[in-house]
Amino acid sequence: MAKFIPNSIMREQARQHERKKAKKIKSNAKKKGKKFNSNTIDVKTYKRITDSRAFEKAEINLRRWLHLAIRLRDLERNEKGEIIGHCISCGKEWKVEFWFDGSIKNTDLWCASHYWRADQYGSVEWDWDNINLSCYRCNRKLGGNLAHYQVNLIKKIGQERFDKLEFRKNQVANFNIVDLIKKKERAMDEVEIQAKRLGLDFYY
């Protein structure tokens, strides 16, 4: 027989989980002051650069920080002071909810959605114009809802930038681990900037 767990305990466990995530993000943000110097690569660093496992780890770290930066970039405060998200495809609006410690609660509702799919167009997998805030339904269940995504993306970035993005998607992706580290550092900087803009002090 399954053991009954009161809702209050489940809520507290969820809060503790979110606090741990926020603490980890804060800790990582403090470490970003030590920049990677690609001009002085020693033997140890070179081995790390050519290590496929290290490359995969760098991709994971970049994805986490870049997607967080995109999500925060596309949030805004309304006239009531509430933090609001809008889906790039369907236009759905939702209010971002927080735990009592200030960490974000309902992150499962909003995604960093690629217009040109990352698994097919590696050259724009990390492109800021190619990734935008989307609701879970459009991104996961409707494959991006691309017909509406395109219309609203052009409204957002303009036809010229969209055409350049479309051109970039056909380029050969040739990122090395140094590129990924630099991109991650830029994303971490952007997370801090956007968090300050929104008043989310647990991200920096």
# chains A, B, ... in the order shown; residues from 1 in each chain; ligands from 1

$ closest_atom_pairs --of "segment 100-185 of chain A" --to "segment 62-71 of chain A" --cutoff "6 Å" --atoms "only C-alpha atoms" --output "CSV"
residue,atom,partner,partner_atom,distance
A:Ala112,CA,A:His67,CA,5.4
A:Leu133,CA,A:Arg71,CA,5.6
A:Lys184,CA,A:Leu62,CA,4.6

$ write_last_selection --atoms "C-alpha atoms" --output "compact mmCIF listing (two decimals), in the first residue's frame"
# COMPACT_ATOMS: atom_id res chain seq x y z
CA ALA A 112 13.46 28.10 -24.82
CA LEU A 133 10.35 32.00 -25.14
CA LYS A 184 28.44 30.09 -21.95

$ residues_around --residues "Ile177 of chain A" --least-positions-apart "3" --cutoff "7 Å" --atoms "only C-alpha atoms" --output "list in words"
Ile49, Phe55, Ala58, Leu180 and Ile181 of chain A

$ atom_distance --atom1 "atom CA of Glu97 of chain A" --atom2 "atom CA of Ile83 of chain A"
8.2 Å

$ residues_around --residues "segment 139-141 of chain A" --least-positions-apart "6" --cutoff "10 Å" --atoms "only C-alpha atoms" --output "ChimeraX atom specification"
/A:87-89,110-115,133,149

$ residues_around --residues "Glu76 of chain A" --least-positions-apart "2" --cutoff "8 Å" --atoms "only C-alpha atoms" --output "PyMOL selection string"
chain A and resi 74+78+83-85+198

$ atom_distance --atom1 "atom CA of Leu165 of chain A" --atom2 "atom CA of Ser123 of chain A"
9.9 Å

$ select_by_dssp --residues "segment 36-193 of chain A" --states "alpha helix (DSSP H)" --output "VMD selection string"
chain A and resid 43 to 49 52 to 73 136 146 to 157 159 to 168 177 to 193

$ closest_residue --among "A:Ile104, A:Leu75, A:Val172, A:Val178" --to "Asn132 of chain A" --atoms "only C-alpha atoms"
A:Leu75

$ atom_distance --atom1 "atom CA of Val151 of chain A" --atom2 "atom CA of Glu79 of chain A"
26.4 Å
